[in-house]
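As structure tokens, the structure follows; a few thoughts come after it.
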Amino acid sequence: MKRLNITDEEYEIVEEEALEEWEAFKYEYLKKNNHKPSETQKKKFIADYIQKNAIPIKEHIRQSEKESGQLECLKTVFIEDRRQLTIEEISEVLMQSGFSKGSSVKTIYRRIIPELEKLNIKKGVGGKYYYDPSSDKIIAYSRMIEAREINSHDKIESLTIISNFLETIKDSPVYEKAKDFLEKEKDKLDYSNDYKENFSRIVFTGAPQSSINQEFWDKIYEAMHHNNPINIQYRGEGKKDCSLYTLRPYQLIFDNGSWELWAECLKKKHEGMKLFNLSRIKRVDILKKEENFLLPSDYNFLHTLSGNFGCYNDRTPRLYKIKFEKDSYAYLYSKDRIWGDNQNFEETDDGFILTFEASQFKPILRWVLGWGPEVRPLEPSELVDTWKAKIQKMAQEIKNP
């Protein structure tokens, strides 16, 4: 043991591997020689294997321990400190924290990033990684249900929490299928009388939902499944008449009570990526005779989005500067939330200034207007000018109702 310089735990790991390799060797030896190898041969085989593989095993364990330390360091940086870092900045943080070995950009991409993604740390616009606390609520609860040592009471509670969350999209086309699955899972469990009285102690509330044409939903869903282009008749926001769009449907997104389709427009007049509200679609035709498209290999809608104001995406990240009235409810509500990349709150003599980057001009404008006199935009100039025009129009309508 001393000669090998490994711990008992490390020795057990490599010894177990040696025994597995011995069984394979013994089988081949028996087939070739028509008799089993001797105990002396077994002892020598295992001793040689341990001697040869003990150090690689030790290095593997050391590597795992090192990566565990790196992940703990980055969990603090992303989740507790809420920092947003590029891959190069992650490497710098690890080296400054004493993890100089194995903290190269290449190693981080290969080993660390996949583990960070499991912690809901995502890559945003500009290549900065950040923690998204709001993502995948249902998946998070599902993982809890699948835990090996979960008892029946916890399974019932977890399924009920997911079911209650599902009620927030009760009028959605996906509701019935998901509800049926959850009910089947519940039927497999034994509900006690005591638990029946208390299992709905956690509920979720949602926004009012817009109505969706089931036929249109089914066609869009089918087209996405087979990567078929589609034609739609669509009435844009503020438009009286419909326009014809030829699309490659990429993604269906549920956002604040509405279903949106993120799609690539193929006609020159509307070329580029665009969101379509399903409630304003008037016709859908699947172009089955057209060539099927392929999603980009690195496609991820969330990676194109900068900011946390829903799914609206103008794909142009800009710096936003918003001033809050001191001790206002708007400030108290906003100060502990992440609104965009590179966020910062700065106190001034008469209030607080929130700075962040986002690519969501329209919802940010509505958000600022919704706070009334408690909030005033400072940048960009387009936001300031549009906000002033809206305020002046409202003031004019008050004077001349």
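Residue numbers start at 1 in each chain; chains themselves are named A, B, ... in the order of the structure tokens; ligands are numbered from 1 in the order shown.
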Going by DSSP on the backbone, which residues of stretch 317-390 of chain A come out as strand (DSSP E)? List them as a ChimeraX atom specification.
/A:318-325,341-348,351-358,375-379
Write the residues of the preceding selection, restricted to N, CA and C atoms, as a PDB file, in the first residue's frame.
ATOM      1  N   ARG A 318     -29.330  46.329 -25.930  1.00  0.00           N
ATOM      2  CA  ARG A 318     -28.988  47.728 -25.678  1.00  0.00           C
ATOM      3  C   ARG A 318     -28.862  47.966 -24.181  1.00  0.00           C
ATOM      4  N   LEU A 319     -28.192  49.041 -23.841  1.00  0.00           N
ATOM      5  CA  LEU A 319     -28.056  49.420 -22.438  1.00  0.00           C
ATOM      6  C   LEU A 319     -29.283  50.215 -22.014  1.00  0.00           C
ATOM      7  N   TYR A 320     -29.929  49.755 -20.930  1.00  0.00           N
ATOM      8  CA  TYR A 320     -31.095  50.457 -20.382  1.00  0.00           C
ATOM      9  C   TYR A 320     -30.742  51.043 -19.021  1.00  0.00           C
ATOM     10  N   LYS A 321     -31.185  52.276 -18.806  1.00  0.00           N
ATOM     11  CA  LYS A 321     -30.943  52.957 -17.541  1.00  0.00           C
ATOM     12  C   LYS A 321     -32.287  53.483 -17.063  1.00  0.00           C
ATOM     13  N   ILE A 322     -32.736  53.015 -15.897  1.00  0.00           N
ATOM     14  CA  ILE A 322     -34.062  53.354 -15.372  1.00  0.00           C
ATOM     15  C   ILE A 322     -33.904  53.952 -13.971  1.00  0.00           C
ATOM     16  N   LYS A 323     -34.552  55.091 -13.730  1.00  0.00           N
ATOM     17  CA  LYS A 323     -34.475  55.733 -12.417  1.00  0.00           C
ATOM     18  C   LYS A 323     -35.740  55.447 -11.616  1.00  0.00           C
ATOM     19  N   PHE A 324     -35.565  55.069 -10.332  1.00  0.00           N
ATOM     20  CA  PHE A 324     -36.676  54.766  -9.438  1.00  0.00           C
ATOM     21  C   PHE A 324     -36.784  55.836  -8.349  1.00  0.00           C
ATOM     22  N   GLU A 325     -38.017  56.191  -8.057  1.00  0.00           N
ATOM     23  CA  GLU A 325     -38.259  57.128  -6.951  1.00  0.00           C
ATOM     24  C   GLU A 325     -37.851  56.466  -5.634  1.00  0.00           C
ATOM     25  N   ASP A 341     -28.830  41.419 -18.536  1.00  0.00           N
ATOM     26  CA  ASP A 341     -27.399  41.134 -18.399  1.00  0.00           C
ATOM     27  C   ASP A 341     -26.667  42.326 -17.790  1.00  0.00           C
ATOM     28  N   ASN A 342     -25.593  42.046 -17.068  1.00  0.00           N
ATOM     29  CA  ASN A 342     -24.737  43.085 -16.488  1.00  0.00           C
ATOM     30  C   ASN A 342     -25.528  44.096 -15.657  1.00  0.00           C
ATOM     31  N   GLN A 343     -26.437  43.589 -14.837  1.00  0.00           N
ATOM     32  CA  GLN A 343     -27.322  44.465 -14.053  1.00  0.00           C
ATOM     33  C   GLN A 343     -26.577  45.134 -12.905  1.00  0.00           C
ATOM     34  N   ASN A 344     -26.998  46.379 -12.605  1.00  0.00           N
ATOM     35  CA  ASN A 344     -26.407  47.113 -11.491  1.00  0.00           C
ATOM     36  C   ASN A 344     -27.421  48.109 -10.931  1.00  0.00           C
ATOM     37  N   PHE A 345     -27.507  48.208  -9.590  1.00  0.00           N
ATOM     38  CA  PHE A 345     -28.336  49.211  -8.919  1.00  0.00           C
ATOM     39  C   PHE A 345     -27.413  50.220  -8.253  1.00  0.00           C
ATOM     40  N   GLU A 346     -27.653  51.510  -8.505  1.00  0.00           N
ATOM     41  CA  GLU A 346     -26.829  52.575  -7.944  1.00  0.00           C
ATOM     42  C   GLU A 346     -27.718  53.573  -7.198  1.00  0.00           C
ATOM     43  N   GLU A 347     -27.350  53.877  -5.969  1.00  0.00           N
ATOM     44  CA  GLU A 347     -28.130  54.829  -5.175  1.00  0.00           C
ATOM     45  C   GLU A 347     -27.689  56.258  -5.493  1.00  0.00           C
ATOM     46  N   THR A 348     -28.665  57.162  -5.635  1.00  0.00           N
ATOM     47  CA  THR A 348     -28.397  58.581  -5.850  1.00  0.00           C
ATOM     48  C   THR A 348     -29.040  59.381  -4.716  1.00  0.00           C
ATOM     49  N   GLY A 351     -32.929  58.925  -5.362  1.00  0.00           N
ATOM     50  CA  GLY A 351     -33.522  57.669  -5.819  1.00  0.00           C
ATOM     51  C   GLY A 351     -32.488  56.604  -6.107  1.00  0.00           C
ATOM     52  N   PHE A 352     -32.834  55.716  -7.033  1.00  0.00           N
ATOM     53  CA  PHE A 352     -31.953  54.613  -7.417  1.00  0.00           C
ATOM     54  C   PHE A 352     -31.972  54.481  -8.931  1.00  0.00           C
ATOM     55  N   ILE A 353     -30.838  54.105  -9.503  1.00  0.00           N
ATOM     56  CA  ILE A 353     -30.743  53.914 -10.954  1.00  0.00           C
ATOM     57  C   ILE A 353     -30.408  52.453 -11.242  1.00  0.00           C
ATOM     58  N   LEU A 354     -31.269  51.812 -12.029  1.00  0.00           N
ATOM     59  CA  LEU A 354     -31.079  50.432 -12.459  1.00  0.00           C
ATOM     60  C   LEU A 354     -30.483  50.443 -13.863  1.00  0.00           C
ATOM     61  N   THR A 355     -29.393  49.719 -14.048  1.00  0.00           N
ATOM     62  CA  THR A 355     -28.746  49.603 -15.359  1.00  0.00           C
ATOM     63  C   THR A 355     -28.662  48.134 -15.746  1.00  0.00           C
ATOM     64  N   PHE A 356     -29.009  47.814 -16.982  1.00  0.00           N
ATOM     65  CA  PHE A 356     -28.901  46.436 -17.479  1.00  0.00           C
ATOM     66  C   PHE A 356     -28.900  46.441 -19.000  1.00  0.00           C
ATOM     67  N   GLU A 357     -28.556  45.305 -19.589  1.00  0.00           N
ATOM     68  CA  GLU A 357     -28.599  45.127 -21.041  1.00  0.00           C
ATOM     69  C   GLU A 357     -29.733  44.177 -21.395  1.00  0.00           C
ATOM     70  N   ALA A 358     -30.460  44.486 -22.471  1.00  0.00           N
ATOM     71  CA  ALA A 358     -31.574  43.623 -22.898  1.00  0.00           C
ATOM     72  C   ALA A 358     -31.889  43.877 -24.364  1.00  0.00           C
ATOM     73  N   VAL A 375     -41.266  55.711 -11.795  1.00  0.00           N
ATOM     74  CA  VAL A 375     -40.155  55.258 -12.632  1.00  0.00           C
ATOM     75  C   VAL A 375     -39.995  56.187 -13.832  1.00  0.00           C
ATOM     76  N   ARG A 376     -38.726  56.482 -14.176  1.00  0.00           N
ATOM     77  CA  ARG A 376     -38.440  57.332 -15.335  1.00  0.00           C
ATOM     78  C   ARG A 376     -37.253  56.762 -16.106  1.00  0.00           C
ATOM     79  N   PRO A 377     -37.381  56.591 -17.434  1.00  0.00           N
ATOM     80  CA  PRO A 377     -36.259  56.064 -18.216  1.00  0.00           C
ATOM     81  C   PRO A 377     -35.209  57.137 -18.483  1.00  0.00           C
ATOM     82  N   LEU A 378     -33.934  56.732 -18.474  1.00  0.00           N
ATOM     83  CA  LEU A 378     -32.828  57.649 -18.764  1.00  0.00           C
ATOM     84  C   LEU A 378     -32.098  57.283 -20.062  1.00  0.00           C
ATOM     85  N   GLU A 379     -32.046  56.007 -20.376  1.00  0.00           N
ATOM     86  CA  GLU A 379     -31.425  55.510 -21.614  1.00  0.00           C
ATOM     87  C   GLU A 379     -32.112  54.212 -22.011  1.00  0.00           C
TER      88      GLU A 379
END
List the spatial neighbours of A:Trp22 as a PyMOL selection string - criterion: any atom at most 8 Å away, only C-alpha atoms, same-chain residues fewer than 2 positions off excluded.
chain A and resi 18-20+24-26+42+45-46
Write a file of the selected residues as an mmCIF file, in the first residue's frame, keeping N, CA, C and O atoms.
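Wrote it out as selection.cif, contents follow:
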data_model
loop_
_atom_site.group_PDB
_atom_site.id
_atom_site.type_symbol
_atom_site.label_atom_id
_atom_site.label_comp_id
_atom_site.auth_asym_id
_atom_site.auth_seq_id
_atom_site.Cartn_x
_atom_site.Cartn_y
_atom_site.Cartn_z
ATOM 1 N N ALA A 18 -10.012 -4.864 -11.122
ATOM 2 C CA ALA A 18 -9.120 -5.995 -11.412
ATOM 3 C C ALA A 18 -9.891 -7.310 -11.414
ATOM 4 O O ALA A 18 -9.671 -8.183 -12.277
ATOM 5 N N LEU A 19 -10.813 -7.487 -10.454
ATOM 6 C CA LEU A 19 -11.610 -8.718 -10.377
ATOM 7 C C LEU A 19 -12.522 -8.857 -11.591
ATOM 8 O O LEU A 19 -12.730 -9.964 -12.101
ATOM 9 N N GLU A 20 -13.080 -7.751 -12.061
ATOM 10 C CA GLU A 20 -13.923 -7.795 -13.262
ATOM 11 C C GLU A 20 -13.098 -8.205 -14.480
ATOM 12 O O GLU A 20 -13.549 -9.008 -15.314
ATOM 13 N N ALA A 24 -13.168 -11.836 -17.067
ATOM 14 C CA ALA A 24 -13.125 -11.861 -18.531
ATOM 15 C C ALA A 24 -11.935 -12.689 -19.013
ATOM 16 O O ALA A 24 -12.036 -13.498 -19.958
ATOM 17 N N PHE A 25 -10.770 -12.510 -18.346
ATOM 18 C CA PHE A 25 -9.571 -13.271 -18.716
ATOM 19 C C PHE A 25 -9.786 -14.768 -18.489
ATOM 20 O O PHE A 25 -9.402 -15.614 -19.304
ATOM 21 N N LYS A 26 -10.415 -15.118 -17.346
ATOM 22 C CA LYS A 26 -10.649 -16.527 -16.992
ATOM 23 C C LYS A 26 -11.530 -17.213 -18.033
ATOM 24 O O LYS A 26 -11.290 -18.370 -18.405
ATOM 25 N N LYS A 42 -4.215 -16.196 -10.774
ATOM 26 C CA LYS A 42 -5.188 -15.173 -10.400
ATOM 27 C C LYS A 42 -4.527 -14.084 -9.556
ATOM 28 O O LYS A 42 -4.716 -12.887 -9.801
ATOM 29 N N PHE A 45 -2.251 -11.970 -11.707
ATOM 30 C CA PHE A 45 -3.018 -11.126 -12.630
ATOM 31 C C PHE A 45 -3.540 -9.892 -11.897
ATOM 32 O O PHE A 45 -3.405 -8.754 -12.382
ATOM 33 N N ILE A 46 -4.144 -10.128 -10.719
ATOM 34 C CA ILE A 46 -4.733 -9.017 -9.957
ATOM 35 C C ILE A 46 -3.656 -8.065 -9.447
ATOM 36 O O ILE A 46 -3.796 -6.842 -9.501
#
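Separating atom CA of A:Cys311 from atom CA of A:Asp81 is a distance of 25.2 Å.
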So which residues touch A:Trp371 within 9 Å, counting only C-alpha atoms, skipping near sequence neighbours fewer than 5 positions away, as a VMD selection string?
chain A and resid 329 to 330 366 376
Atoms kept (N, CA, C and O atoms) for selection, written as a PDB file, in the first residue's frame:
ATOM      1  N   TYR A 329     -42.652  51.687  -4.195  1.00  0.00           N
ATOM      2  CA  TYR A 329     -42.936  50.263  -4.324  1.00  0.00           C
ATOM      3  C   TYR A 329     -42.247  49.694  -5.556  1.00  0.00           C
ATOM      4  O   TYR A 329     -41.790  48.545  -5.552  1.00  0.00           O
ATOM      5  N   ALA A 330     -42.155  50.499  -6.619  1.00  0.00           N
ATOM      6  CA  ALA A 330     -41.480  50.046  -7.841  1.00  0.00           C
ATOM      7  C   ALA A 330     -40.047  49.627  -7.543  1.00  0.00           C
ATOM      8  O   ALA A 330     -39.570  48.598  -8.030  1.00  0.00           O
ATOM      9  N   ARG A 366     -43.457  49.080 -21.902  1.00  0.00           N
ATOM     10  CA  ARG A 366     -44.721  48.858 -21.180  1.00  0.00           C
ATOM     11  C   ARG A 366     -44.475  48.752 -19.675  1.00  0.00           C
ATOM     12  O   ARG A 366     -45.280  49.238 -18.869  1.00  0.00           O
ATOM     13  N   ARG A 376     -38.726  56.482 -14.176  1.00  0.00           N
ATOM     14  CA  ARG A 376     -38.440  57.332 -15.335  1.00  0.00           C
ATOM     15  C   ARG A 376     -37.253  56.762 -16.106  1.00  0.00           C
ATOM     16  O   ARG A 376     -36.207  56.473 -15.508  1.00  0.00           O
TER      17      ARG A 376
END
Long-range neighbours of stretch 95-99 of chain A as an MDAnalysis selection string, 9 Å cut-off, only C-alpha atoms, 5 positions minimum in chain:
chainID A and resid 66 69:70 73 90 104
What gap, in Å, lies between atom CA of A:His303 and atom CA of A:Val368?
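Computing the Euclidean distance for atom CA of A:His303 and atom CA of A:Val368 yields 24.8 Å.
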Counting only C-alpha atoms, what is within 9 Å of A:Phe361, bar same-chain residues fewer than 3 positions away, as an MDAnalysis selection string?
chainID A and resid 312:314 316 318 358 364:366 383
Grab the residues selected above and save them as a PDB file, in the first residue's frame with all heavy atoms.
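Printed below is out-v6.pdb as written:
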ATOM      1  N   TYR A 312     -40.444  38.375 -25.921  1.00  0.00           N
ATOM      2  CA  TYR A 312     -40.219  39.336 -26.999  1.00  0.00           C
ATOM      3  C   TYR A 312     -38.727  39.521 -27.209  1.00  0.00           C
ATOM      4  O   TYR A 312     -37.969  39.706 -26.258  1.00  0.00           O
ATOM      5  CB  TYR A 312     -40.867  40.686 -26.677  1.00  0.00           C
ATOM      6  CG  TYR A 312     -40.698  41.702 -27.796  1.00  0.00           C
ATOM      7  CD1 TYR A 312     -41.613  41.760 -28.837  1.00  0.00           C
ATOM      8  CD2 TYR A 312     -39.597  42.559 -27.825  1.00  0.00           C
ATOM      9  CE1 TYR A 312     -41.446  42.671 -29.880  1.00  0.00           C
ATOM     10  CE2 TYR A 312     -39.427  43.459 -28.853  1.00  0.00           C
ATOM     11  CZ  TYR A 312     -40.352  43.513 -29.876  1.00  0.00           C
ATOM     12  OH  TYR A 312     -40.178  44.406 -30.904  1.00  0.00           O
ATOM     13  N   ASN A 313     -38.296  39.515 -28.480  1.00  0.00           N
ATOM     14  CA  ASN A 313     -36.873  39.493 -28.769  1.00  0.00           C
ATOM     15  C   ASN A 313     -36.597  40.297 -30.037  1.00  0.00           C
ATOM     16  O   ASN A 313     -36.879  39.839 -31.135  1.00  0.00           O
ATOM     17  CB  ASN A 313     -36.408  38.042 -28.949  1.00  0.00           C
ATOM     18  CG  ASN A 313     -34.915  37.917 -29.134  1.00  0.00           C
ATOM     19  OD1 ASN A 313     -34.182  38.894 -29.036  1.00  0.00           O
ATOM     20  ND2 ASN A 313     -34.458  36.709 -29.405  1.00  0.00           N
ATOM     21  N   ASP A 314     -36.077  41.526 -29.866  1.00  0.00           N
ATOM     22  CA  ASP A 314     -35.732  42.303 -31.061  1.00  0.00           C
ATOM     23  C   ASP A 314     -34.288  42.058 -31.502  1.00  0.00           C
ATOM     24  O   ASP A 314     -33.811  42.670 -32.444  1.00  0.00           O
ATOM     25  CB  ASP A 314     -35.983  43.797 -30.852  1.00  0.00           C
ATOM     26  CG  ASP A 314     -35.272  44.361 -29.630  1.00  0.00           C
ATOM     27  OD1 ASP A 314     -34.148  43.913 -29.355  1.00  0.00           O
ATOM     28  OD2 ASP A 314     -35.841  45.241 -28.969  1.00  0.00           O
ATOM     29  N   THR A 316     -31.489  42.928 -30.555  1.00  0.00           N
ATOM     30  CA  THR A 316     -30.543  44.045 -30.525  1.00  0.00           C
ATOM     31  C   THR A 316     -30.300  44.441 -29.076  1.00  0.00           C
ATOM     32  O   THR A 316     -30.991  45.321 -28.543  1.00  0.00           O
ATOM     33  CB  THR A 316     -31.087  45.261 -31.311  1.00  0.00           C
ATOM     34  OG1 THR A 316     -31.498  44.838 -32.604  1.00  0.00           O
ATOM     35  CG2 THR A 316     -30.024  46.338 -31.437  1.00  0.00           C
ATOM     36  N   ARG A 318     -29.330  46.329 -25.930  1.00  0.00           N
ATOM     37  CA  ARG A 318     -28.988  47.728 -25.678  1.00  0.00           C
ATOM     38  C   ARG A 318     -28.862  47.966 -24.181  1.00  0.00           C
ATOM     39  O   ARG A 318     -29.387  47.191 -23.376  1.00  0.00           O
ATOM     40  CB  ARG A 318     -30.062  48.659 -26.261  1.00  0.00           C
ATOM     41  CG  ARG A 318     -30.034  48.747 -27.767  1.00  0.00           C
ATOM     42  CD  ARG A 318     -30.997  49.782 -28.284  1.00  0.00           C
ATOM     43  NE  ARG A 318     -32.335  49.266 -28.422  1.00  0.00           N
ATOM     44  CZ  ARG A 318     -33.353  49.953 -28.920  1.00  0.00           C
ATOM     45  NH1 ARG A 318     -33.175  51.189 -29.321  1.00  0.00           N
ATOM     46  NH2 ARG A 318     -34.549  49.411 -29.020  1.00  0.00           N
ATOM     47  N   ALA A 358     -30.460  44.486 -22.471  1.00  0.00           N
ATOM     48  CA  ALA A 358     -31.574  43.623 -22.898  1.00  0.00           C
ATOM     49  C   ALA A 358     -31.889  43.877 -24.364  1.00  0.00           C
ATOM     50  O   ALA A 358     -31.511  44.912 -24.928  1.00  0.00           O
ATOM     51  CB  ALA A 358     -32.805  43.875 -22.038  1.00  0.00           C
ATOM     52  N   ILE A 364     -40.161  46.388 -22.233  1.00  0.00           N
ATOM     53  CA  ILE A 364     -39.521  47.294 -21.269  1.00  0.00           C
ATOM     54  C   ILE A 364     -40.260  48.630 -21.249  1.00  0.00           C
ATOM     55  O   ILE A 364     -40.479  49.218 -20.177  1.00  0.00           O
ATOM     56  CB  ILE A 364     -38.029  47.480 -21.605  1.00  0.00           C
ATOM     57  CG1 ILE A 364     -37.276  46.165 -21.367  1.00  0.00           C
ATOM     58  CG2 ILE A 364     -37.405  48.595 -20.769  1.00  0.00           C
ATOM     59  CD1 ILE A 364     -35.831  46.170 -21.822  1.00  0.00           C
ATOM     60  N   LEU A 365     -40.663  49.115 -22.422  1.00  0.00           N
ATOM     61  CA  LEU A 365     -41.455  50.349 -22.488  1.00  0.00           C
ATOM     62  C   LEU A 365     -42.758  50.196 -21.699  1.00  0.00           C
ATOM     63  O   LEU A 365     -43.123  51.074 -20.899  1.00  0.00           O
ATOM     64  CB  LEU A 365     -41.754  50.698 -23.951  1.00  0.00           C
ATOM     65  CG  LEU A 365     -42.745  51.841 -24.182  1.00  0.00           C
ATOM     66  CD1 LEU A 365     -42.190  53.154 -23.634  1.00  0.00           C
ATOM     67  CD2 LEU A 365     -43.080  51.971 -25.672  1.00  0.00           C
ATOM     68  N   ARG A 366     -43.457  49.080 -21.902  1.00  0.00           N
ATOM     69  CA  ARG A 366     -44.721  48.858 -21.180  1.00  0.00           C
ATOM     70  C   ARG A 366     -44.475  48.752 -19.675  1.00  0.00           C
ATOM     71  O   ARG A 366     -45.280  49.238 -18.869  1.00  0.00           O
ATOM     72  CB  ARG A 366     -45.407  47.587 -21.698  1.00  0.00           C
ATOM     73  CG  ARG A 366     -45.964  47.733 -23.105  1.00  0.00           C
ATOM     74  CD  ARG A 366     -46.887  46.584 -23.457  1.00  0.00           C
ATOM     75  NE  ARG A 366     -46.153  45.348 -23.670  1.00  0.00           N
ATOM     76  CZ  ARG A 366     -45.745  44.926 -24.859  1.00  0.00           C
ATOM     77  NH1 ARG A 366     -45.975  45.661 -25.937  1.00  0.00           N
ATOM     78  NH2 ARG A 366     -45.105  43.788 -24.992  1.00  0.00           N
ATOM     79  N   LEU A 383     -36.123  54.984 -25.945  1.00  0.00           N
ATOM     80  CA  LEU A 383     -37.048  54.678 -24.855  1.00  0.00           C
ATOM     81  C   LEU A 383     -37.534  55.965 -24.197  1.00  0.00           C
ATOM     82  O   LEU A 383     -38.730  56.117 -23.914  1.00  0.00           O
ATOM     83  CB  LEU A 383     -36.356  53.785 -23.823  1.00  0.00           C
ATOM     84  CG  LEU A 383     -37.185  53.408 -22.601  1.00  0.00           C
ATOM     85  CD1 LEU A 383     -38.377  52.543 -22.998  1.00  0.00           C
ATOM     86  CD2 LEU A 383     -36.331  52.667 -21.564  1.00  0.00           C
TER      87      LEU A 383
END
